[in-house]
>>> print(open('data-v4.csv').read())   # CSV, C-alpha atoms and all ligand atoms
chain,number,residue,atom,x,y,z
A,21,MET,CA,-32.0,-126.8,105.9
A,22,TYR,CA,-34.5,-126.4,108.8
A,23,TYR,CA,-37.8,-124.9,107.8
A,24,LYS,CA,-41.5,-125.3,108.5
A,25,ASN,CA,-44.9,-124.2,107.1
A,26,ASN,CA,-43.8,-124.2,103.5
A,27,LYS,CA,-41.6,-121.2,104.2
A,28,LEU,CA,-38.7,-122.3,102.0
A,29,ILE,CA,-38.6,-121.5,98.2
A,30,LEU,CA,-35.7,-122.7,96.0
A,31,PRO,CA,-35.5,-120.8,92.7
A,32,GLU,CA,-33.1,-122.2,90.2
A,33,SER,CA,-32.2,-119.1,88.2
A,34,ILE,CA,-31.9,-115.3,88.5
A,35,ASN,CA,-35.1,-114.9,86.5
A,36,GLU,CA,-37.0,-117.3,88.7
A,37,LEU,CA,-35.6,-115.5,91.8
A,38,HIS,CA,-36.9,-112.2,90.4
A,39,GLN,CA,-40.4,-113.7,90.0
A,40,THR,CA,-40.2,-115.2,93.4
A,41,VAL,CA,-39.3,-111.9,95.1
A,42,LEU,CA,-42.2,-110.1,93.2
A,43,GLU,CA,-44.6,-112.7,94.4
A,44,ASN,CA,-43.2,-112.7,98.0
A,45,PRO,CA,-42.2,-109.2,98.8
A,46,ASN,CA,-42.1,-110.1,102.5
A,47,SER,CA,-39.2,-112.6,102.2
A,48,ILE,CA,-35.5,-113.0,103.2
A,49,PHE,CA,-32.6,-114.5,101.3
A,50,PHE,CA,-30.8,-117.5,102.8
A,51,ALA,CA,-27.2,-117.9,101.8
A,52,GLY,CA,-24.8,-119.8,104.1
A,53,GLY,CA,-27.3,-119.4,107.0
A,54,THR,CA,-24.6,-118.7,109.7
A,55,TYR,CA,-26.1,-115.3,110.6
A,56,ILE,CA,-29.7,-116.2,110.0
A,57,MET,CA,-29.6,-119.3,112.1
A,58,LYS,CA,-28.2,-117.3,115.0
A,59,ASN,CA,-31.2,-115.0,114.7
A,60,ARG,CA,-33.9,-117.6,114.4
A,61,LYS,CA,-36.7,-115.3,115.2
A,62,MET,CA,-36.0,-113.8,111.8
A,63,PHE,CA,-37.9,-116.7,110.3
A,64,LEU,CA,-39.0,-119.3,112.9
A,65,ASP,CA,-41.9,-117.3,114.1
A,66,SER,CA,-45.5,-117.5,113.1
A,67,SER,CA,-45.3,-114.6,110.5
A,68,ASP,CA,-45.6,-115.2,106.8
A,69,VAL,CA,-42.0,-114.4,106.0
A,70,LYS,CA,-40.8,-116.7,103.3
A,71,ILE,CA,-37.2,-117.9,103.1
A,72,ILE,CA,-35.7,-117.8,99.6
A,73,SER,CA,-32.7,-120.1,99.5
A,74,LEU,CA,-30.0,-119.0,97.0
A,75,GLU,CA,-28.3,-122.4,96.9
A,76,LYS,CA,-29.7,-123.6,93.5
A,77,ILE,CA,-28.9,-120.5,91.5
A,78,LYS,CA,-25.8,-121.5,89.5
A,79,GLU,CA,-25.0,-117.9,88.4
A,80,LEU,CA,-24.3,-116.9,92.0
A,81,PHE,CA,-21.4,-119.4,92.2
A,82,ASP,CA,-19.5,-118.1,89.2
A,83,VAL,CA,-15.9,-116.8,89.5
A,84,THR,CA,-14.3,-114.9,86.6
A,85,ARG,CA,-11.0,-113.2,86.2
A,86,ASN,CA,-9.3,-110.7,83.9
A,87,ILE,CA,-6.0,-108.8,84.3
A,88,LYS,CA,-7.4,-106.2,86.7
A,89,HIS,CA,-10.3,-107.8,88.6
A,90,VAL,CA,-11.8,-111.0,90.0
A,91,GLU,CA,-15.6,-111.2,90.0
A,92,VAL,CA,-16.9,-113.4,92.6
A,93,GLY,CA,-20.5,-114.7,92.8
A,94,ALA,CA,-22.3,-113.9,96.0
A,95,MET,CA,-22.7,-117.6,96.9
A,96,VAL,CA,-19.0,-118.4,96.8
A,97,THR,CA,-17.9,-119.4,100.3
A,98,THR,CA,-15.1,-117.8,102.2
A,99,ASN,CA,-13.1,-121.1,102.1
A,100,LYS,CA,-13.6,-121.3,98.3
A,101,LEU,CA,-12.4,-117.7,98.0
A,102,LEU,CA,-9.4,-118.5,100.0
A,103,GLU,CA,-8.5,-121.4,97.7
A,104,ILE,CA,-8.9,-119.2,94.6
A,105,GLY,CA,-7.2,-116.3,96.4
A,106,ASN,CA,-4.0,-118.1,97.1
A,107,LEU,CA,-3.3,-117.7,93.4
A,108,ALA,CA,-4.6,-114.2,93.0
A,109,PHE,CA,-5.4,-112.0,96.0
A,110,ASN,CA,-3.2,-109.8,98.1
A,111,ASP,CA,-2.2,-110.6,101.7
A,112,LEU,CA,-4.8,-108.2,103.1
A,113,LEU,CA,-7.7,-110.2,101.7
A,114,LEU,CA,-6.2,-113.6,102.4
A,115,SER,CA,-5.5,-112.7,106.0
A,116,THR,CA,-9.0,-111.4,106.4
A,117,LEU,CA,-10.5,-114.6,105.1
A,118,SER,CA,-8.2,-116.9,107.0
A,119,ASN,CA,-8.9,-115.0,110.2
A,120,THR,CA,-12.7,-115.3,109.8
A,121,ALA,CA,-14.3,-118.0,112.0
A,122,THR,CA,-13.1,-121.6,111.8
A,123,HIS,CA,-12.5,-123.8,108.8
A,124,ILE,CA,-15.9,-125.5,109.2
A,125,VAL,CA,-17.9,-122.3,109.5
A,126,ARG,CA,-16.0,-120.8,106.6
A,127,ASN,CA,-17.4,-123.6,104.5
A,128,GLN,CA,-20.8,-122.1,105.1
A,129,ILE,CA,-20.2,-118.3,105.2
A,130,THR,CA,-20.8,-116.8,101.7
A,131,ILE,CA,-19.3,-113.6,100.3
A,132,GLY,CA,-22.8,-112.2,99.8
A,133,GLY,CA,-23.9,-113.1,103.3
A,134,ALA,CA,-20.7,-111.6,104.8
A,135,LEU,CA,-21.5,-108.3,103.2
A,136,ALA,CA,-25.3,-108.3,103.7
A,137,THR,CA,-25.8,-108.9,107.4
A,138,SER,CA,-28.3,-106.2,108.5
A,139,ASN,CA,-27.2,-104.6,111.7
A,140,ILE,CA,-23.7,-105.8,112.4
A,141,ARG,CA,-20.5,-105.4,110.4
A,142,PHE,CA,-18.1,-108.4,110.2
A,143,SER,CA,-14.6,-108.4,108.8
A,144,LEU,CA,-15.0,-108.6,105.0
A,145,PRO,CA,-16.7,-105.3,104.2
A,146,GLY,CA,-13.9,-103.2,105.8
A,147,THR,CA,-11.2,-105.1,103.9
A,148,LEU,CA,-13.1,-105.0,100.6
A,149,SER,CA,-13.7,-101.3,101.1
A,150,CYS,CA,-10.0,-100.7,101.8
A,151,MET,CA,-9.2,-102.6,98.6
A,152,GLY,CA,-11.6,-100.5,96.4
A,153,ALA,CA,-14.0,-103.4,95.7
A,154,SER,CA,-17.5,-102.9,94.3
A,155,ILE,CA,-20.8,-104.8,94.7
A,156,GLU,CA,-23.1,-105.6,91.8
A,157,LEU,CA,-26.7,-105.3,92.9
A,158,LEU,CA,-29.8,-106.6,91.3
A,159,ASP,CA,-33.0,-104.7,92.0
A,160,PHE,CA,-36.0,-107.1,92.0
A,161,SER,CA,-38.6,-104.8,93.4
A,162,LYS,CA,-40.1,-103.8,90.1
A,163,ASN,CA,-41.2,-105.9,87.0
A,164,LYS,CA,-38.1,-104.8,85.1
A,165,MET,CA,-34.9,-106.0,86.9
A,166,THR,CA,-32.2,-103.4,87.1
A,167,THR,CA,-28.4,-103.7,87.9
A,168,LYS,CA,-26.1,-101.3,89.5
A,169,LEU,CA,-22.5,-101.3,90.7
A,170,VAL,CA,-21.8,-99.7,94.1
A,171,PRO,CA,-18.4,-99.3,95.8
A,172,VAL,CA,-18.3,-101.3,99.0
A,173,GLU,CA,-17.5,-98.2,101.0
A,174,LYS,CA,-20.8,-96.6,99.9
A,175,MET,CA,-22.9,-99.5,101.0
A,176,TYR,CA,-22.9,-98.8,104.7
A,177,LYS,CA,-24.0,-96.0,107.0
A,178,ASN,CA,-24.0,-95.8,110.8
A,179,GLY,CA,-23.4,-99.5,111.0
A,180,LEU,CA,-26.3,-100.4,108.8
A,181,ILE,CA,-26.3,-101.8,105.2
A,182,LEU,CA,-28.0,-99.6,102.6
A,183,LEU,CA,-29.6,-102.5,100.9
A,184,GLU,CA,-33.2,-101.9,99.8
A,185,LYS,CA,-35.7,-104.7,100.2
A,186,GLY,CA,-35.8,-106.9,97.1
A,187,ASN,CA,-32.2,-106.1,96.2
A,188,LEU,CA,-29.8,-109.0,95.8
A,189,ILE,CA,-26.0,-108.9,95.9
A,190,LYS,CA,-25.1,-110.7,92.7
A,191,LYS,CA,-21.4,-110.5,92.7
A,192,ILE,CA,-18.4,-108.6,94.1
A,193,LYS,CA,-15.8,-107.1,91.8
A,194,ILE,CA,-12.4,-107.3,93.5
A,195,PRO,CA,-9.3,-105.4,92.1
A,196,LEU,CA,-6.2,-107.5,91.8
A,197,ASP,CA,-3.9,-104.7,93.1
A,198,THR,CA,-1.1,-105.5,95.4
A,199,PHE,CA,0.4,-103.1,97.9
A,200,ASP,CA,3.9,-102.9,99.4
A,201,PHE,CA,2.5,-102.9,102.9
A,202,GLU,CA,-0.7,-104.5,104.1
A,203,ARG,CA,-2.1,-105.4,107.5
A,204,PHE,CA,-5.3,-106.9,108.9
A,205,TYR,CA,-6.0,-107.1,112.6
A,206,CYS,CA,-9.1,-108.3,114.4
A,207,ILE,CA,-8.9,-107.8,118.1
A,208,GLY,CA,-11.8,-109.4,120.0
A,209,ASN,CA,-14.6,-111.6,118.7
A,210,PRO,CA,-17.1,-109.8,116.5
A,211,VAL,CA,-19.8,-112.4,117.1
A,212,LYS,CA,-19.5,-112.8,120.9
A,213,GLU,CA,-18.2,-109.3,121.9
A,214,PRO,CA,-19.2,-106.8,119.1
A,215,GLU,CA,-19.0,-103.9,121.5
A,216,SER,CA,-15.3,-104.4,122.3
A,217,THR,CA,-14.0,-105.8,119.0
A,218,VAL,CA,-12.0,-103.7,116.5
A,219,ILE,CA,-11.2,-104.8,113.0
A,220,PHE,CA,-8.5,-103.0,111.1
A,221,ALA,CA,-7.5,-103.1,107.4
A,222,PHE,CA,-4.6,-101.0,106.3
A,223,ARG,CA,-2.6,-100.8,103.0
A,224,SER,CA,0.0,-98.5,101.5
A,225,ASP,CA,2.8,-98.3,99.0
A,226,ILE,CA,6.4,-97.7,99.9
A,227,ASN,CA,8.7,-95.7,97.7
A,228,GLN,CA,12.2,-96.1,99.1
A,229,THR,CA,11.8,-94.2,102.4
A,230,LEU,CA,8.4,-92.6,101.8
A,231,ILE,CA,4.9,-94.0,102.1
A,232,ASN,CA,2.0,-93.1,99.9
A,233,ASN,CA,-1.3,-94.5,98.5
A,234,ILE,CA,-2.6,-95.1,102.0
A,235,LYS,CA,-6.0,-96.4,102.9
A,236,LEU,CA,-7.4,-97.6,106.1
A,237,SER,CA,-10.8,-98.9,107.2
A,238,VAL,CA,-11.6,-99.6,110.8
A,239,THR,CA,-14.7,-101.6,111.7
A,240,PHE,CA,-16.5,-101.4,115.0
A,241,PRO,CA,-19.1,-104.2,114.5
A,242,LYS,CA,-22.1,-102.3,116.0
A,243,ALA,CA,-21.1,-98.7,115.2
A,244,GLY,CA,-19.9,-99.3,111.6
A,245,ILE,CA,-17.0,-98.9,109.2
A,246,PHE,CA,-14.9,-95.8,109.3
A,247,THR,CA,-12.4,-94.7,106.7
A,248,SER,CA,-9.9,-92.2,108.0
A,249,SER,CA,-9.0,-89.3,105.7
A,250,ILE,CA,-6.8,-87.6,108.4
A,251,VAL,CA,-4.5,-90.6,108.7
A,252,SER,CA,-4.2,-90.9,104.9
A,253,SER,CA,-3.4,-87.2,104.4
A,254,GLU,CA,-1.0,-87.0,107.4
A,255,LEU,CA,0.9,-90.1,106.3
A,256,ASP,CA,0.9,-89.4,102.5
A,257,GLY,CA,4.6,-88.8,101.6
A,258,ALA,CA,5.8,-89.2,105.2
A,259,GLU,CA,9.4,-90.4,105.8
A,260,ILE,CA,9.7,-93.9,107.3
A,261,PRO,CA,10.4,-95.3,109.8
A,262,ILE,CA,7.9,-93.2,111.6
A,263,ILE,CA,9.2,-91.8,114.9
A,264,PRO,CA,7.2,-92.5,118.1
A,265,LYS,CA,6.3,-88.8,118.6
A,266,SER,CA,4.6,-88.7,115.1
A,267,ALA,CA,2.9,-92.1,115.6
A,268,ILE,CA,1.3,-90.9,118.9
A,269,SER,CA,0.3,-87.6,117.3
A,270,ILE,CA,-1.3,-89.2,114.3
A,271,SER,CA,-3.1,-91.8,116.4
A,272,ASN,CA,-4.5,-89.1,118.7
A,273,LYS,CA,-5.8,-87.2,115.7
A,274,PHE,CA,-7.3,-90.5,114.4
A,275,ILE,CA,-9.3,-90.9,117.7
A,276,SER,CA,-10.6,-87.3,117.6
A,277,GLU,CA,-11.7,-87.9,114.0
A,278,ILE,CA,-13.6,-91.0,115.1
A,279,ASP,CA,-15.2,-89.0,117.9
A,280,LYS,CA,-16.4,-86.4,115.4
A,281,ASN,CA,-17.6,-88.8,112.7
A,282,ILE,CA,-19.0,-92.0,114.2
A,283,GLU,CA,-21.3,-92.7,117.1
A,284,GLY,CA,-21.4,-95.7,119.5
A,285,VAL,CA,-17.7,-96.5,119.6
A,286,THR,CA,-16.9,-97.7,123.1
A,287,PRO,CA,-13.9,-96.4,125.1
A,288,LEU,CA,-12.2,-99.8,124.9
A,289,GLN,CA,-12.7,-99.9,121.1
A,290,LYS,CA,-11.1,-96.4,120.9
A,291,GLU,CA,-8.1,-97.5,123.0
A,292,ARG,CA,-7.7,-100.6,120.9
A,293,ALA,CA,-8.0,-98.7,117.6
A,294,LYS,CA,-5.3,-96.3,118.7
A,295,ARG,CA,-2.9,-99.0,119.7
A,296,ILE,CA,-3.5,-101.0,116.6
A,297,LEU,CA,-2.8,-97.9,114.5
A,298,GLN,CA,0.4,-97.2,116.4
A,299,THR,CA,1.6,-100.8,116.1
A,300,ILE,CA,1.0,-100.6,112.3
A,301,LEU,CA,2.9,-97.3,112.0
A,302,TYR,CA,5.9,-98.8,113.8
A,303,GLN,CA,5.9,-101.8,111.4
A,304,ILE,CA,6.2,-99.7,108.2
A,305,THR,CA,9.9,-99.8,107.2
A,306,PRO,CA,11.7,-99.0,104.0
A,307,SER,CA,11.5,-101.7,101.3
A,308,LYS,CA,13.9,-104.6,101.6
A,309,LYS,CA,15.5,-103.7,98.2
A,310,TYR,CA,16.2,-100.2,99.4
A,311,ILE,CA,17.8,-101.4,102.7
A,312,GLU,CA,20.0,-103.9,100.9
A,313,LYS,CA,21.2,-101.2,98.5
A,314,ASN,CA,21.8,-98.5,101.1
A,315,TYR,CA,23.0,-100.1,104.3
B,1,LIG,C1,-19.6,-119.6,114.8
B,1,LIG,C2,-19.4,-118.3,114.0
B,1,LIG,C3,-18.2,-117.7,114.0
B,1,LIG,C4,-18.0,-116.5,113.3
B,1,LIG,N1,-16.8,-115.9,113.3
B,1,LIG,C5,-16.6,-114.8,112.5
B,1,LIG,C6,-15.4,-114.1,112.5
B,1,LIG,O1,-14.4,-114.5,113.1
B,1,LIG,N2,-15.2,-113.0,111.7
B,1,LIG,C7,-16.3,-112.5,111.0
B,1,LIG,O2,-16.1,-111.5,110.3
B,1,LIG,N3,-17.5,-113.1,111.0
B,1,LIG,C8,-17.7,-114.2,111.8
B,1,LIG,N4,-18.9,-114.8,111.8
B,1,LIG,C9,-20.1,-114.1,111.2
B,1,LIG,C10,-20.2,-114.5,109.8
B,1,LIG,O3,-19.3,-113.8,109.0
B,1,LIG,C11,-21.7,-114.2,109.3
B,1,LIG,O4,-22.6,-115.0,110.0
B,1,LIG,C12,-21.7,-114.4,107.8
B,1,LIG,O5,-21.1,-113.3,107.2
B,1,LIG,C13,-23.1,-114.5,107.2
B,1,LIG,O6,-22.9,-115.1,105.9
B,1,LIG,P1,-23.9,-116.3,105.4
B,1,LIG,O7,-23.5,-116.7,104.1
B,1,LIG,O8,-24.0,-117.4,106.4
B,1,LIG,O9,-25.2,-115.4,105.4
B,1,LIG,P2,-26.7,-115.7,105.9
B,1,LIG,O10,-26.8,-116.0,107.3
B,1,LIG,O11,-27.4,-116.7,105.0
B,1,LIG,O12,-27.4,-114.3,105.6
B,1,LIG,C14,-26.9,-113.1,106.3
B,1,LIG,C15,-27.8,-111.9,105.8
B,1,LIG,O13,-27.5,-111.5,104.5
B,1,LIG,C16,-28.6,-111.6,103.6
B,1,LIG,N5,-28.1,-112.1,102.4
B,1,LIG,C17,-27.3,-113.2,102.2
B,1,LIG,N6,-26.9,-113.3,100.9
B,1,LIG,C18,-27.4,-112.2,100.3
B,1,LIG,C19,-27.3,-111.7,98.9
B,1,LIG,N7,-26.6,-112.4,98.0
B,1,LIG,N8,-27.9,-110.6,98.6
B,1,LIG,C20,-28.6,-109.9,99.6
B,1,LIG,N9,-28.7,-110.3,100.9
B,1,LIG,C21,-28.1,-111.5,101.2
B,1,LIG,C22,-29.6,-112.6,104.3
B,1,LIG,O14,-30.9,-112.3,104.0
B,1,LIG,C23,-29.3,-112.3,105.8
B,1,LIG,O15,-30.0,-111.1,106.2
B,1,LIG,C24,-19.1,-116.0,112.5
B,1,LIG,C25,-20.4,-116.6,112.5
B,1,LIG,C26,-20.5,-117.8,113.2
B,1,LIG,C27,-21.8,-118.5,113.2
>>> encode(input="data-v4.csv", output="structure tokens", more="lines below")
Ligand SMILES: Cc1cc2nc3c(=O)[nH]c(=O)nc-3n(C[C@H](O)[C@H](O)[C@H](O)COP(=O)(O)OP(=O)(O)OC[C@H]3O[C@@H](n4cnc5c(N)ncnc54)[C@H](O)[C@@H]3O)c2cc1C
Amino acid sequence: MYYKNNKLILPESINELHQTVLENPNSIFFAGGTYIMKNRKMFLDSSDVKIISLEKIKELFDVTRNIKHVEVGAMVTTNKLLEIGNLAFNDLLLSTLSNTATHIVRNQITIGGALATSNIRFSLPGTLSCMGASIELLDFSKNKMTTKLVPVEKMYKNGLILLEKGNLIKKIKIPLDTFDFERFYCIGNPVKEPESTVIFAFRSDINQTLINNIKLSVTFPKAGIFTSSIVSSELDGAEIPIIPKSAISISNKFISEIDKNIEGVTPLQKERAKRILQTILYQITPSKKYIEKNY
């Protein structure tokens, strides 16, 4: 790793990390480094900001599983999660991970880093929010370390992460639920064109010819993550396939809801979000089992 002026500290356990943060309140965590290295002025200036690398802390690489959840340490990379995920995760998460950057960059991007970027939202938070995942946070700012579990959807506001200084993402608790219908779309490049990119995560269940249990998160990298309640309530219990007139009406309401609730979404992003939603709505069809039985 590139560093200078003794800026780099490498704690080897959570307790050591706690002590390091207390001694260096003006410090930043370094995970995979893919975001930090693009913003070099975050640490390559003459200030006294220390870089705390998380790479030697074994607890942050742990992955555990029970019947309902997988708990993934913050330093697990996106590629590693894809490997594990092929056995456990739903298509929504797998397709989000495989559509993130390239294989080489995914070897660097960590789950904690993908959630913790300060002023830009990438793909993973929207998908994990749609799936009902939670983040375990450790607060190192006081002598006594405390832990709390926060739903991913409560971690962000107006495009920013609500992560206090001295707080560490320790792990992410991901439910193992599967859904009858799941879609992930990323139109544009969130790194190169954040102002025109739209990232969409959608899931629902299908009960014969009705849909329910709908959740959708749309991410505008600079403006933030938006979870639509109008789309969910309009669609809940709706008959499928959805006719074009209803799809257009729902997508228009969706855009009005975005206008009322989130600032900084560009006209191109709104147009893209509307079209993605319509595309998804046309793709929801009765379950294969139901079609085979009835047609
Ligand atoms: C070439 C390239 C292509 C990319 N393509 C995509 C793409 O297609 N889709 C996409 O969604 N994203 C993409 N990204 C962005 C990528 O997702 C982010 O750079 C990445 O999420 C950051 O993760 P990291 O582990 O490298 O974090 P770092 O760069 O190490 O850290 C990022 C931030 O999180 C903080 N942090 C890290 N870990 C923790 C923790 N455990 N607790 C608290 N704070 C922490 C750091 O202090 C820093 O502020 C791309 C990036 C690059 C460089």
>>> closest_residue(input="data-v4.csv", among="A:Ser248, A:Asn86, A:Thr137, A:Ser149", to="ligand LIG 1 (chain B)", atoms="only C-alpha atoms and all ligand atoms")
A:Thr137
>>> residues_near_ligand(input="data-v4.csv", ligand="ligand LIG 1 (chain B)", cutoff="8 Å", atoms="all atoms listed in the file", output="CSV table (one decimal) with C-alpha atoms, in the coordinates of the input")
chain,number,residue,atom,x,y,z
A,48,ILE,CA,-35.5,-113.0,103.2
A,49,PHE,CA,-32.6,-114.5,101.3
A,50,PHE,CA,-30.8,-117.5,102.8
A,51,ALA,CA,-27.2,-117.9,101.8
A,52,GLY,CA,-24.8,-119.8,104.1
A,53,GLY,CA,-27.3,-119.4,107.0
A,54,THR,CA,-24.6,-118.7,109.7
A,55,TYR,CA,-26.1,-115.3,110.6
A,56,ILE,CA,-29.7,-116.2,110.0
A,57,MET,CA,-29.6,-119.3,112.1
A,58,LYS,CA,-28.2,-117.3,115.0
A,74,LEU,CA,-30.0,-119.0,97.0
A,80,LEU,CA,-24.3,-116.9,92.0
A,94,ALA,CA,-22.3,-113.9,96.0
A,95,MET,CA,-22.7,-117.6,96.9
A,97,THR,CA,-17.9,-119.4,100.3
A,119,ASN,CA,-8.9,-115.0,110.2
A,120,THR,CA,-12.7,-115.3,109.8
A,121,ALA,CA,-14.3,-118.0,112.0
A,122,THR,CA,-13.1,-121.6,111.8
A,125,VAL,CA,-17.9,-122.3,109.5
A,128,GLN,CA,-20.8,-122.1,105.1
A,129,ILE,CA,-20.2,-118.3,105.2
A,130,THR,CA,-20.8,-116.8,101.7
A,131,ILE,CA,-19.3,-113.6,100.3
A,132,GLY,CA,-22.8,-112.2,99.8
A,133,GLY,CA,-23.9,-113.1,103.3
A,134,ALA,CA,-20.7,-111.6,104.8
A,135,LEU,CA,-21.5,-108.3,103.2
A,136,ALA,CA,-25.3,-108.3,103.7
A,137,THR,CA,-25.8,-108.9,107.4
A,138,SER,CA,-28.3,-106.2,108.5
A,141,ARG,CA,-20.5,-105.4,110.4
A,142,PHE,CA,-18.1,-108.4,110.2
A,143,SER,CA,-14.6,-108.4,108.8
A,144,LEU,CA,-15.0,-108.6,105.0
A,157,LEU,CA,-26.7,-105.3,92.9
A,183,LEU,CA,-29.6,-102.5,100.9
A,187,ASN,CA,-32.2,-106.1,96.2
A,188,LEU,CA,-29.8,-109.0,95.8
A,189,ILE,CA,-26.0,-108.9,95.9
A,190,LYS,CA,-25.1,-110.7,92.7
A,191,LYS,CA,-21.4,-110.5,92.7
A,209,ASN,CA,-14.6,-111.6,118.7
A,210,PRO,CA,-17.1,-109.8,116.5
A,211,VAL,CA,-19.8,-112.4,117.1
>>> atom_distance(input="data-v4.csv", atom1="CA of Lys88 (chain A)", atom2="CA of Phe201 (chain A)")
19.3 Å
>>> closest_residue(input="data-v4.csv", among="A:Pro171, A:Pro306, A:Gly186, A:Pro195", to="Leu113 (chain A)", atoms="only C-alpha atoms")
A:Pro195
>>> residues_near_point(input="data-v4.csv", point="(-33.2, -107.5, 89.3)", cutoff="10 Å", atoms="all atoms listed in the file", output="number ranges by chain")
A: 34-35, 37-39, 41, 157-168, 186-190
>>> atom_distance(input="data-v4.csv", atom1="CA of Ile219 (chain A)", atom2="CA of Leu182 (chain A)")
20.4 Å
>>> closest_residue(input="data-v4.csv", among="A:Leu288, A:Ile262, A:Ile71, A:Ile282", to="Gln303 (chain A)", atoms="all atoms listed in the file")
A:Ile262
>>> closest_residue(input="data-v4.csv", among="A:Val238, A:Ile104, A:Val69, A:Ile87", to="Leu148 (chain A)", atoms="only C-alpha atoms")
A:Val238
>>> closest_residue(input="data-v4.csv", among="A:Val90, A:Lys177, A:Asn139, A:Tyr205", to="Ala153 (chain A)", atoms="all atoms listed in the file")
A:Val90
>>> atom_distance(input="data-v4.csv", atom1="CA of Asn281 (chain A)", atom2="CA of Asp111 (chain A)")
28.9 Å
>>> closest_residue(input="data-v4.csv", among="A:Thr286, A:Lys78, A:Ser271, A:Met151", to="Ile234 (chain A)", atoms="only C-alpha atoms")
A:Met151
>>> residues_around(input="data-v4.csv", residues="Ile245 (chain A)", least_positions_apart="3", cutoff="7 Å", atoms="all atoms listed in the file", output="list in words")
Gly146, Gly179, Ser237, Val238, Thr239 and Phe240 of chain A
>>> residues_around(input="data-v4.csv", residues="Ile194 (chain A)", least_positions_apart="2", cutoff="7 Å", atoms="only C-alpha atoms", output="short mmCIF file (atom, residue, chain, number, x, y, z; two decimals) with C-alpha atoms, in the coordinates of the input")
data_model
loop_
_atom_site.label_atom_id
_atom_site.label_comp_id
_atom_site.auth_asym_id
_atom_site.auth_seq_id
_atom_site.Cartn_x
_atom_site.Cartn_y
_atom_site.Cartn_z
CA HIS A 89 -10.30 -107.80 88.60
CA VAL A 90 -11.80 -111.00 90.00
CA GLU A 91 -15.60 -111.20 90.00
CA ALA A 153 -14.00 -103.40 95.70
CA SER A 154 -17.50 -102.90 94.30
CA ILE A 192 -18.40 -108.60 94.10
CA LEU A 196 -6.20 -107.50 91.80
#
>>> decode(input="data-v4.csv", residues="region 115-126 of chain A", atoms="N, CA and C atoms", output="mmCIF file, in the first residue's frame")
data_model
loop_
_atom_site.group_PDB
_atom_site.id
_atom_site.type_symbol
_atom_site.label_atom_id
_atom_site.label_comp_id
_atom_site.auth_asym_id
_atom_site.auth_seq_id
_atom_site.Cartn_x
_atom_site.Cartn_y
_atom_site.Cartn_z
ATOM 1 N N SER A 115 -26.602 -10.817 -8.787
ATOM 2 C CA SER A 115 -26.455 -10.016 -10.001
ATOM 3 C C SER A 115 -25.913 -8.633 -9.673
ATOM 4 N N THR A 116 -26.189 -8.104 -8.481
ATOM 5 C CA THR A 116 -25.580 -6.826 -8.075
ATOM 6 C C THR A 116 -24.066 -6.981 -7.976
ATOM 7 N N LEU A 117 -23.626 -8.067 -7.334
ATOM 8 C CA LEU A 117 -22.192 -8.262 -7.146
ATOM 9 C C LEU A 117 -21.488 -8.487 -8.483
ATOM 10 N N SER A 118 -22.092 -9.325 -9.342
ATOM 11 C CA SER A 118 -21.381 -9.625 -10.595
ATOM 12 C C SER A 118 -21.412 -8.436 -11.557
ATOM 13 N N ASN A 119 -22.327 -7.497 -11.348
ATOM 14 C CA ASN A 119 -22.351 -6.296 -12.192
ATOM 15 C C ASN A 119 -21.569 -5.130 -11.601
ATOM 16 N N THR A 120 -20.832 -5.380 -10.551
ATOM 17 C CA THR A 120 -20.020 -4.321 -9.940
ATOM 18 C C THR A 120 -18.590 -4.411 -10.459
ATOM 19 N N ALA A 121 -18.145 -3.358 -11.139
ATOM 20 C CA ALA A 121 -16.763 -3.243 -11.629
ATOM 21 C C ALA A 121 -16.312 -4.488 -12.414
ATOM 22 N N THR A 122 -14.992 -4.731 -12.436
ATOM 23 C CA THR A 122 -14.445 -5.884 -13.160
ATOM 24 C C THR A 122 -13.953 -6.904 -12.128
ATOM 25 N N HIS A 123 -13.622 -8.089 -12.616
ATOM 26 C CA HIS A 123 -13.170 -9.153 -11.717
ATOM 27 C C HIS A 123 -11.977 -8.676 -10.860
ATOM 28 N N ILE A 124 -11.032 -7.983 -11.516
ATOM 29 C CA ILE A 124 -9.825 -7.540 -10.795
ATOM 30 C C ILE A 124 -10.189 -6.538 -9.705
ATOM 31 N N VAL A 125 -11.052 -5.580 -10.034
ATOM 32 C CA VAL A 125 -11.414 -4.561 -9.030
ATOM 33 C C VAL A 125 -12.251 -5.190 -7.912
ATOM 34 N N ARG A 126 -13.076 -6.178 -8.283
ATOM 35 C CA ARG A 126 -13.895 -6.849 -7.251
ATOM 36 C C ARG A 126 -13.040 -7.605 -6.227
#
